[in-house]
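*Asks:* Take a look at target09.txt, compact mmCIF, C-alpha atoms:
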# COMPACT_ATOMS: atom_id res chain seq x y z
CA MET Q 1 8.03 7.30 12.03
CA THR Q 2 11.48 6.02 11.04
CA LEU Q 3 12.85 7.99 8.07
CA PRO Q 4 14.43 7.58 5.65
CA THR Q 5 13.54 3.93 5.22
CA PRO Q 6 16.45 1.81 3.99
CA VAL Q 7 17.01 0.57 0.46
CA GLU Q 8 18.44 -2.94 0.48
CA PRO Q 9 20.04 -4.91 -2.36
CA ALA Q 10 18.23 -8.08 -3.45
CA PRO Q 11 20.87 -9.93 -5.49
CA ARG Q 12 19.56 -13.50 -5.15
CA LEU Q 13 16.01 -12.48 -6.04
CA ALA Q 14 17.32 -10.42 -8.96
CA ALA Q 15 19.23 -13.38 -10.38
CA ALA Q 16 16.23 -15.68 -9.90
CA ILE Q 17 13.94 -13.47 -11.99
CA GLY Q 18 16.42 -12.72 -14.77
CA LEU Q 19 18.13 -9.48 -13.71
CA ARG Q 20 21.76 -8.93 -12.81
CA PRO Q 21 22.40 -9.29 -9.07
CA GLU Q 22 23.17 -5.58 -8.77
CA ASP Q 23 20.02 -4.46 -10.62
CA LEU Q 24 17.36 -4.93 -7.93
CA TRP Q 25 16.81 -2.98 -4.70
CA ILE Q 26 13.98 -3.06 -2.18
CA LYS Q 27 12.72 0.12 -0.52
CA ARG Q 28 11.69 -1.01 2.97
CA ASP Q 29 8.61 1.07 3.69
CA ASP Q 30 7.38 -1.90 5.70
CA LEU Q 31 9.84 -0.61 8.34
CA LEU Q 32 8.23 2.79 8.86
CA GLY Q 33 7.98 2.04 12.56
CA ILE Q 34 4.43 2.55 13.85
CA GLY Q 35 1.57 0.06 14.04
CA GLY Q 36 3.35 -2.64 12.06
CA GLY Q 37 4.66 -0.32 9.35
CA GLY Q 38 3.64 0.19 5.75
CA ASN Q 39 3.06 2.85 3.13
CA LYS Q 40 -0.09 4.25 4.73
CA VAL Q 41 2.02 5.83 7.47
CA ARG Q 42 3.51 8.32 5.01
CA LYS Q 43 0.03 9.35 3.87
CA LEU Q 44 -1.25 9.64 7.42
CA GLU Q 45 1.59 11.99 8.29
CA TYR Q 46 -0.27 14.49 6.11
CA THR Q 47 -3.94 13.49 6.35
CA ALA Q 48 -4.04 12.75 10.08
CA GLY Q 49 -1.58 15.54 10.75
CA LEU Q 50 -3.92 18.03 9.10
CA ALA Q 51 -6.90 16.65 11.03
CA HIS Q 52 -4.98 16.93 14.31
CA ARG Q 53 -3.98 20.52 13.60
CA ASP Q 54 -7.62 21.32 12.83
CA GLY Q 55 -8.71 20.08 16.26
CA ALA Q 56 -10.10 16.63 15.45
CA ASP Q 57 -10.54 14.24 18.36
CA THR Q 58 -11.54 11.20 16.28
CA LEU Q 59 -10.29 9.74 12.99
CA VAL Q 60 -12.90 7.91 10.90
CA THR Q 61 -11.98 5.84 7.85
CA THR Q 62 -13.12 2.93 5.69
CA GLY Q 63 -11.64 -0.18 4.14
CA ALA Q 64 -11.91 -3.93 3.94
CA PRO Q 65 -11.83 -5.75 7.29
CA GLN Q 66 -8.15 -6.62 6.73
CA SER Q 67 -7.27 -3.06 5.66
CA ASN Q 68 -3.68 -2.00 6.28
CA HIS Q 69 -4.79 1.63 6.08
CA ALA Q 70 -7.40 1.10 8.79
CA ARG Q 71 -4.84 -0.57 11.07
CA LEU Q 72 -2.41 2.29 10.65
CA THR Q 73 -5.12 4.92 11.07
CA ALA Q 74 -5.85 3.30 14.44
CA ALA Q 75 -2.15 3.30 15.30
CA VAL Q 76 -1.64 6.94 14.35
CA ALA Q 77 -4.78 7.92 16.28
CA ALA Q 78 -3.36 6.20 19.36
CA LYS Q 79 -0.03 7.98 18.87
CA LEU Q 80 -1.78 11.35 18.65
CA GLY Q 81 -4.13 10.69 21.58
CA LEU Q 82 -7.21 10.51 19.34
CA LYS Q 83 -10.00 7.97 18.94
CA ALA Q 84 -10.39 5.86 15.82
CA VAL Q 85 -13.57 4.52 14.23
CA LEU Q 86 -13.16 2.05 11.37
CA VAL Q 87 -16.13 1.48 9.07
CA PHE Q 88 -16.01 -1.95 7.40
CA PRO Q 89 -18.33 -3.98 5.18
CA GLY Q 90 -19.53 -7.33 6.48
CA ALA Q 91 -20.45 -8.43 9.97
CA PRO Q 92 -18.58 -9.25 13.18
CA GLY Q 93 -17.31 -12.79 13.56
CA GLU Q 94 -16.51 -13.38 9.88
CA SER Q 95 -12.80 -12.85 10.58
CA SER Q 96 -10.86 -12.22 13.76
CA SER Q 97 -7.21 -12.45 12.78
CA GLY Q 98 -4.55 -10.44 11.00
CA ASN Q 99 -5.12 -6.69 10.98
CA LEU Q 100 -8.38 -6.99 12.93
CA VAL Q 101 -6.50 -8.24 15.98
CA LEU Q 102 -4.29 -5.17 15.83
CA ASP Q 103 -7.27 -2.85 15.32
CA GLY Q 104 -8.65 -4.05 18.62
CA LEU Q 105 -5.30 -3.89 20.37
CA LEU Q 106 -4.91 -0.29 19.22
CA GLY Q 107 -8.30 0.65 20.69
CA ALA Q 108 -10.27 1.26 17.50
CA ARG Q 109 -14.05 0.99 17.41
CA ILE Q 110 -15.34 -0.96 14.41
CA VAL Q 111 -18.67 -0.20 12.74
CA TRP Q 112 -19.90 -3.08 10.57
CA SER Q 113 -22.03 -1.98 7.62
CA GLY Q 114 -23.19 -5.28 6.14
CA GLU Q 115 -22.68 -6.29 2.53
CA VAL Q 116 -22.47 -2.90 0.88
CA ALA Q 117 -20.90 -1.49 -2.28
CA ALA Q 118 -18.03 0.98 -2.12
CA HIS Q 119 -20.25 4.06 -2.47
CA ALA Q 120 -22.53 2.81 0.30
CA LEU Q 121 -19.56 2.20 2.56
CA ALA Q 122 -18.47 5.81 2.03
CA GLU Q 123 -22.01 6.93 2.92
CA ALA Q 124 -21.89 4.79 6.06
CA ALA Q 125 -18.68 6.54 7.10
CA GLU Q 126 -20.26 9.94 6.49
CA ASN Q 127 -23.19 8.87 8.68
CA VAL Q 128 -20.77 7.89 11.45
CA VAL Q 129 -19.14 11.32 11.19
CA ALA Q 130 -22.56 13.00 11.44
CA GLU Q 131 -23.47 10.92 14.50
CA LEU Q 132 -20.21 11.80 16.22
CA GLN Q 133 -20.72 15.49 15.48
CA ALA Q 134 -24.24 15.33 16.87
CA ALA Q 135 -22.79 13.83 20.05
CA GLY Q 136 -20.38 16.76 20.41
CA ALA Q 137 -17.24 15.11 19.02
CA HIS Q 138 -14.92 16.57 16.38
CA PRO Q 139 -14.31 13.78 13.86
CA ALA Q 140 -12.21 13.91 10.71
CA LEU Q 141 -12.93 11.60 7.78
CA ILE Q 142 -9.71 10.10 6.39
CA PRO Q 143 -10.19 9.00 2.74
CA PHE Q 144 -10.20 5.39 1.58
CA GLY Q 145 -6.64 4.10 1.63
CA GLY Q 146 -5.47 7.47 2.90
CA SER Q 147 -5.35 8.44 -0.76
CA SER Q 148 -5.85 12.05 -1.80
CA SER Q 149 -3.57 14.77 -3.07
CA VAL Q 150 -2.82 15.57 0.57
CA GLY Q 151 -1.90 11.98 1.39
CA ALA Q 152 0.05 11.50 -1.85
CA GLN Q 153 2.52 14.13 -0.65
CA GLY Q 154 3.96 11.38 1.54
CA TYR Q 155 5.13 9.58 -1.59
CA VAL Q 156 6.56 12.72 -3.11
CA ASP Q 157 8.74 12.62 0.01
CA CYS Q 158 9.53 8.95 -0.59
CA ALA Q 159 10.54 9.72 -4.18
CA GLU Q 160 12.94 12.37 -2.90
CA GLU Q 161 14.48 9.77 -0.59
CA LEU Q 162 14.87 7.36 -3.49
CA LEU Q 163 16.62 9.93 -5.68
CA GLY Q 164 19.18 10.38 -2.93
CA GLN Q 165 19.56 6.65 -2.25
CA VAL Q 166 19.45 5.26 -5.81
CA PRO Q 167 20.19 8.18 -8.15
CA ASP Q 168 20.43 5.99 -11.26
CA LEU Q 169 17.03 4.31 -10.80
CA ALA Q 170 15.27 3.41 -14.04
CA HIS Q 171 12.15 1.74 -12.64
CA VAL Q 172 10.20 1.98 -9.40
CA VAL Q 173 7.67 -0.83 -9.00
CA VAL Q 174 4.81 -0.43 -6.52
CA ALA Q 175 1.41 -1.92 -5.75
CA LEU Q 176 -1.50 0.15 -7.08
CA GLY Q 177 -4.45 -0.02 -4.71
CA SER Q 178 -6.28 3.17 -3.78
CA GLY Q 179 -3.85 5.19 -5.91
CA GLY Q 180 -2.13 7.65 -3.60
CA THR Q 181 1.22 5.90 -3.32
CA MET Q 182 1.73 5.66 -7.07
CA ALA Q 183 0.44 9.23 -7.48
CA GLY Q 184 3.11 10.71 -5.23
CA LEU Q 185 5.86 8.72 -6.92
CA VAL Q 186 4.66 9.74 -10.39
CA ALA Q 187 4.39 13.40 -9.38
CA ARG Q 188 8.09 13.49 -8.47
CA LEU Q 189 9.67 10.81 -10.68
CA GLY Q 190 7.51 11.10 -13.81
CA VAL Q 191 5.29 8.53 -15.50
CA GLU Q 192 8.16 6.87 -17.35
CA ARG Q 193 9.95 5.57 -14.24
CA VAL Q 194 7.01 4.34 -12.14
CA LEU Q 195 5.31 1.00 -12.77
CA GLY Q 196 2.10 0.44 -10.81
CA VAL Q 197 0.74 -3.07 -10.39
CA ASP Q 198 -3.06 -2.99 -10.16
CA VAL Q 199 -4.35 -5.23 -7.35
CA GLY Q 200 -8.05 -4.57 -7.99
CA ALA Q 201 -8.81 -2.37 -4.99
CA ARG Q 202 -10.80 0.14 -7.04
CA PRO Q 203 -12.41 0.17 -10.51
CA ASP Q 204 -10.70 3.36 -11.73
CA PRO Q 205 -7.01 3.15 -10.67
CA ALA Q 206 -5.54 5.21 -13.51
CA GLU Q 207 -8.03 8.04 -13.04
CA ALA Q 208 -7.42 8.00 -9.29
CA VAL Q 209 -3.65 8.25 -9.74
CA THR Q 210 -3.90 11.18 -12.14
CA THR Q 211 -6.45 12.99 -9.95
CA PHE Q 212 -4.19 12.75 -6.89
CA ALA Q 213 -0.95 13.46 -8.78
CA ARG Q 214 -1.95 16.48 -10.86
CA PRO Q 215 -1.89 19.07 -8.05
CA LEU Q 216 1.56 17.82 -6.99
CA SER Q 217 3.23 17.55 -10.39
CA PRO Q 218 5.05 20.36 -12.23
CA THR Q 219 4.04 18.79 -15.56
CA PRO Q 220 0.67 17.53 -16.87
CA ILE Q 221 -0.15 13.86 -16.25
CA ALA Q 222 -2.50 11.88 -18.48
CA ALA Q 223 -4.09 8.64 -17.32
CA LYS Q 224 -3.24 6.90 -20.60
CA ALA Q 225 0.46 7.67 -20.11
CA LEU Q 226 0.70 5.77 -16.81
CA ARG Q 227 2.53 2.46 -16.68
CA ILE Q 228 0.07 0.00 -15.11
CA ARG Q 229 0.14 -3.79 -15.12
CA ASP Q 230 -2.80 -5.98 -14.14
CA GLN Q 231 -2.35 -8.59 -11.40
CA ILE Q 232 -5.96 -8.71 -10.23
CA GLY Q 233 -6.55 -12.33 -11.17
CA ALA Q 234 -9.92 -13.62 -10.00
CA GLY Q 235 -10.46 -10.59 -7.77
CA TYR Q 236 -9.05 -8.35 -5.06
CA GLY Q 237 -9.71 -10.79 -2.23
CA THR Q 238 -8.24 -13.84 -3.95
CA TYR Q 239 -4.78 -15.36 -3.58
CA THR Q 240 -3.52 -15.54 -7.13
CA PRO Q 241 -1.06 -18.22 -8.31
CA GLU Q 242 1.32 -15.47 -9.41
CA ALA Q 243 1.27 -13.80 -5.98
CA THR Q 244 1.71 -17.19 -4.33
CA ASP Q 245 4.86 -17.85 -6.36
CA ALA Q 246 6.18 -14.33 -5.78
CA LEU Q 247 5.74 -14.60 -2.00
CA MET Q 248 7.62 -17.89 -1.86
CA LEU Q 249 10.42 -16.75 -4.16
CA THR Q 250 11.00 -13.50 -2.25
CA ALA Q 251 10.96 -15.26 1.10
CA ARG Q 252 13.31 -18.02 -0.03
CA THR Q 253 15.85 -15.82 -1.79
CA GLU Q 254 15.97 -12.73 0.45
CA GLY Q 255 14.19 -13.66 3.71
CA ILE Q 256 11.67 -10.86 3.09
CA ILE Q 257 7.97 -11.52 3.66
CA LEU Q 258 5.37 -9.99 1.38
CA ASP Q 259 1.57 -9.99 1.75
CA PRO Q 260 -0.90 -11.77 -0.57
CA THR Q 261 -3.00 -8.76 -1.54
CA TYR Q 262 -0.59 -5.93 -2.33
CA THR Q 263 3.14 -6.61 -2.27
CA GLY Q 264 2.80 -10.20 -3.44
CA ARG Q 265 0.89 -9.04 -6.50
CA ALA Q 266 3.34 -6.16 -7.02
CA MET Q 267 6.28 -8.56 -7.02
CA ALA Q 268 4.39 -10.80 -9.46
CA GLY Q 269 4.01 -7.75 -11.69
CA LEU Q 270 7.74 -7.03 -11.47
CA ILE Q 271 8.56 -10.64 -12.39
CA ALA Q 272 6.19 -10.45 -15.37
CA ALA Q 273 7.71 -7.14 -16.48
CA VAL Q 274 11.18 -8.70 -16.54
CA LYS Q 275 9.88 -11.75 -18.36
CA ASP Q 276 8.31 -9.74 -21.19
CA GLY Q 277 11.13 -7.19 -21.45
CA GLU Q 278 9.48 -4.09 -19.98
CA ILE Q 279 12.27 -4.17 -17.39
CA SER Q 280 15.66 -5.30 -18.71
CA ARG Q 281 18.96 -6.51 -17.34
CA GLY Q 282 21.24 -3.59 -16.54
CA GLN Q 283 18.39 -1.28 -15.53
CA THR Q 284 18.40 -0.28 -11.86
CA THR Q 285 15.03 -1.25 -10.42
CA VAL Q 286 13.54 -0.44 -7.01
CA PHE Q 287 10.67 -2.48 -5.58
CA VAL Q 288 8.73 -0.49 -2.98
CA HIS Q 289 7.81 -2.84 -0.13
CA THR Q 290 4.66 -1.15 1.11
CA GLY Q 291 4.17 -3.51 4.05
CA GLY Q 292 1.01 -5.42 4.89
CA LEU Q 293 2.49 -8.43 6.69
CA PRO Q 294 -0.31 -8.58 9.34
CA GLY Q 295 -2.82 -9.05 6.53
CA LEU Q 296 -1.12 -12.32 5.60
CA PHE Q 297 -2.36 -13.87 8.83
CA GLY Q 298 -5.94 -12.83 8.12
CA HIS Q 299 -5.97 -14.32 4.61
CA PRO Q 300 -7.28 -17.91 4.89
CA ALA Q 301 -5.99 -19.04 1.50
CA ALA Q 302 -2.49 -17.71 2.15
CA VAL Q 303 -2.33 -19.28 5.60
CA ALA Q 304 -3.62 -22.61 4.30
CA HIS Q 305 -1.05 -22.63 1.51
CA ALA Q 306 1.79 -21.87 3.92
CA GLU Q 307 0.65 -24.65 6.24
CA ARG Q 308 0.63 -27.13 3.37
CA LEU Q 309 4.27 -26.34 2.71
CA LEU Q 310 5.10 -27.75 6.16
CA SER Q 311 3.69 -31.20 5.42
Would you mind writing the file's structure down as structure tokens?

*Replies:*
Amino acid sequence: MTLPTPVEPAPRLAAAIGLRPEDLWIKRDDLLGIGGGGNKVRKLEYTAGLAHRDGADTLVTTGAPQSNHARLTAAVAAKLGLKAVLVFPGAPGESSSGNLVLDGLLGARIVWSGEVAAHALAEAAENVVAELQAAGAHPALIPFGGSSSVGAQGYVDCAEELLGQVPDLAHVVVALGSGGTMAGLVARLGVERVLGVDVGARPDPAEAVTTFARPLSPTPIAAKALRIRDQIGAGYGTYTPEATDALMLTARTEGIILDPTYTGRAMAGLIAAVKDGEISRGQTTVFVHTGGLPGLFGHPAAVAHAERLLS
């Protein structure tokens, strides 16, 4: 893992969205250095690290078929000399690009669970763990998105890096999916400086953030005090118009590629926050680039839109 990740100025993007050129910085956690990078690596340093120390020989986790967390769990397992089993909804053959290609390259075994709800997917993962144990293996179940109080410690570390790199930061903007990334940032930086952009990955994002953050924070955290903006649109798996615009603008002003599910929505949330005055000119703002580029190539709507731009 490459630490600390750099913080880069984004002056042309800042000017395009209504900030001063010197106001906007991008924390490049997409450059964390293993398995294609991304925020899940920081969480896995703690969750997979604990499993490894406890003698696990297999990491089991869940997610959508294009899950960045699943890809990086497979990568970390390979790095540690462990096996990885990824439990996904759906069936084989529905998608074979993006993160799924990398899952296979990294040696992960995929268990397809059919069209199941989130709670049933968690039960399917627990069943896989039980089967592995019965076969004499020593599996460890890594939580959805790598998010737990243990995993969130990785973003307490990231917040410490940011305080050293951008000591006058007023806002940190980050995608809010499974909740652990925002939780770690809030635990160290406080609720007033962290803006989470809800992408629709779970029905209870505020409660998840507070649950993960409370054991790590020196002060009480209430769910209603969190700063959360909605960029879910028509649903988690959709490519929203706002994310589409944010991807193009970021690429064409700074040469930085976002993904349609997480960072594209997070940037759309940042743009909206500037537009309505929640973030103002003269306030130092850091956008946390949590990675996810491989997922772009497994998102049919995003790929189709990009191809249309060539015609």

*Asks:* Taking all atoms listed in the file into account, name the residue in Q:Val174, Q:Val199, Q:Leu132, Q:Ala74 that is nearest to Thr261 of chain Q.

*Replies:*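 Of all the options, Q:Val199 lies closest to Thr261 of chain Q.
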
*Asks:* Find the residues with any atom within 12 Å of (9.6, 7.6, -13.0); use only C-alpha atoms and the coordinates as given in the file, and write the answer as a count of residues only.

*Replies:* 34

*Asks:* When you count all atoms listed in the file, which of these residues is closest to Ala51 of chain Q: Q:Pro4, Q:Gly104, Q:Gly151, Q:Pro89?

*Replies:* Q:Gly151

*Asks:* With all atoms listed in the file as the atoms that count, which of Q:His69, Q:Met267, Q:Gly164, Q:Ser217 lies nearest to Gly37 of chain Q?

*Replies:*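 Answer, going by the shortest atom-to-atom distance: Q:His69.
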
*Asks:* Separation of atom CA of Pro300 of chain Q and atom CA of Ala70 of chain Q, in Å?

*Replies:*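 For atom CA of Pro300 of chain Q relative to atom CA of Ala70 of chain Q, the distance reads 19.4 Å.
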
*Asks:* Would you list the contacts of Val150 of chain Q as a compact mmCIF listing (two decimals) with C-alpha atoms, keeping the file's coordinate frame, taking every protein, DNA or RNA residue within 8 Å and counting all atoms listed in the file, but skipping same-chain residues closer than 2 positions in sequence?

*Replies:*
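Contents of around_8.txt, as written:
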# COMPACT_ATOMS: atom_id res chain seq x y z
CA LYS Q 43 0.03 9.35 3.87
CA TYR Q 46 -0.27 14.49 6.11
CA THR Q 47 -3.94 13.49 6.35
CA SER Q 147 -5.35 8.44 -0.76
CA SER Q 148 -5.85 12.05 -1.80
CA ALA Q 152 0.05 11.50 -1.85
CA GLN Q 153 2.52 14.13 -0.65

*Asks:* For Val76 of chain Q, which residue out of Q:Asp276, Q:Glu115, Q:Asp103, Q:Glu126 is the nearest one, using all atoms listed in the file?

*Replies:*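 The answer is Q:Asp103, which sits nearest to Val76 of chain Q.
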
*Asks:* For atom CA of His299 of chain Q and atom CA of Thr263 of chain Q, quote the distance in Å rounded to one decimal.

*Replies:*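 Taking atom CA of His299 of chain Q as the start and atom CA of Thr263 of chain Q as the end point, the length is 13.8 Å.
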
*Asks:* Can you pull out the residues contacting segment 292-294 of chain Q? Cut-off 9 Å, using all atoms listed in the file, and skip same-chain residues under 2 positions away; I want them as a list of chain:residue names.

*Replies:*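 The residues satisfying every condition are Q:Asp30, Q:Gly36, Q:Gly37, Q:Gly38, Q:Asn39, Q:Gln66, Q:Ser67, Q:Asn68, Q:Ser97, Q:Gly98, Q:Asn99, Q:Leu100, Q:Leu102, Q:Ile257, Q:Leu258, Q:Asp259, Q:Pro260, Q:Thr261, Q:Tyr262, Q:Thr263, Q:His289, Q:Thr290, Q:Leu296, Q:Phe297, Q:Gly298.
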
*Asks:* For atom CA of Leu105 of chain Q and atom CA of Leu86 of chain Q, determine how far apart the two atoms are, in Å to one decimal place.

*Replies:*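 Separation of atom CA of Leu105 of chain Q and atom CA of Leu86 of chain Q: 13.3 Å.
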
*Asks:* List the residues sitting within 12 Å of (12.9, -3.9, -9.5) in the file's frame, using only C-alpha atoms, as a VMD selection string.

*Replies:* chain Q and resid 7 to 11 13 to 15 17 to 27 166 169 to 174 193 to 196 266 to 274 278 to 289
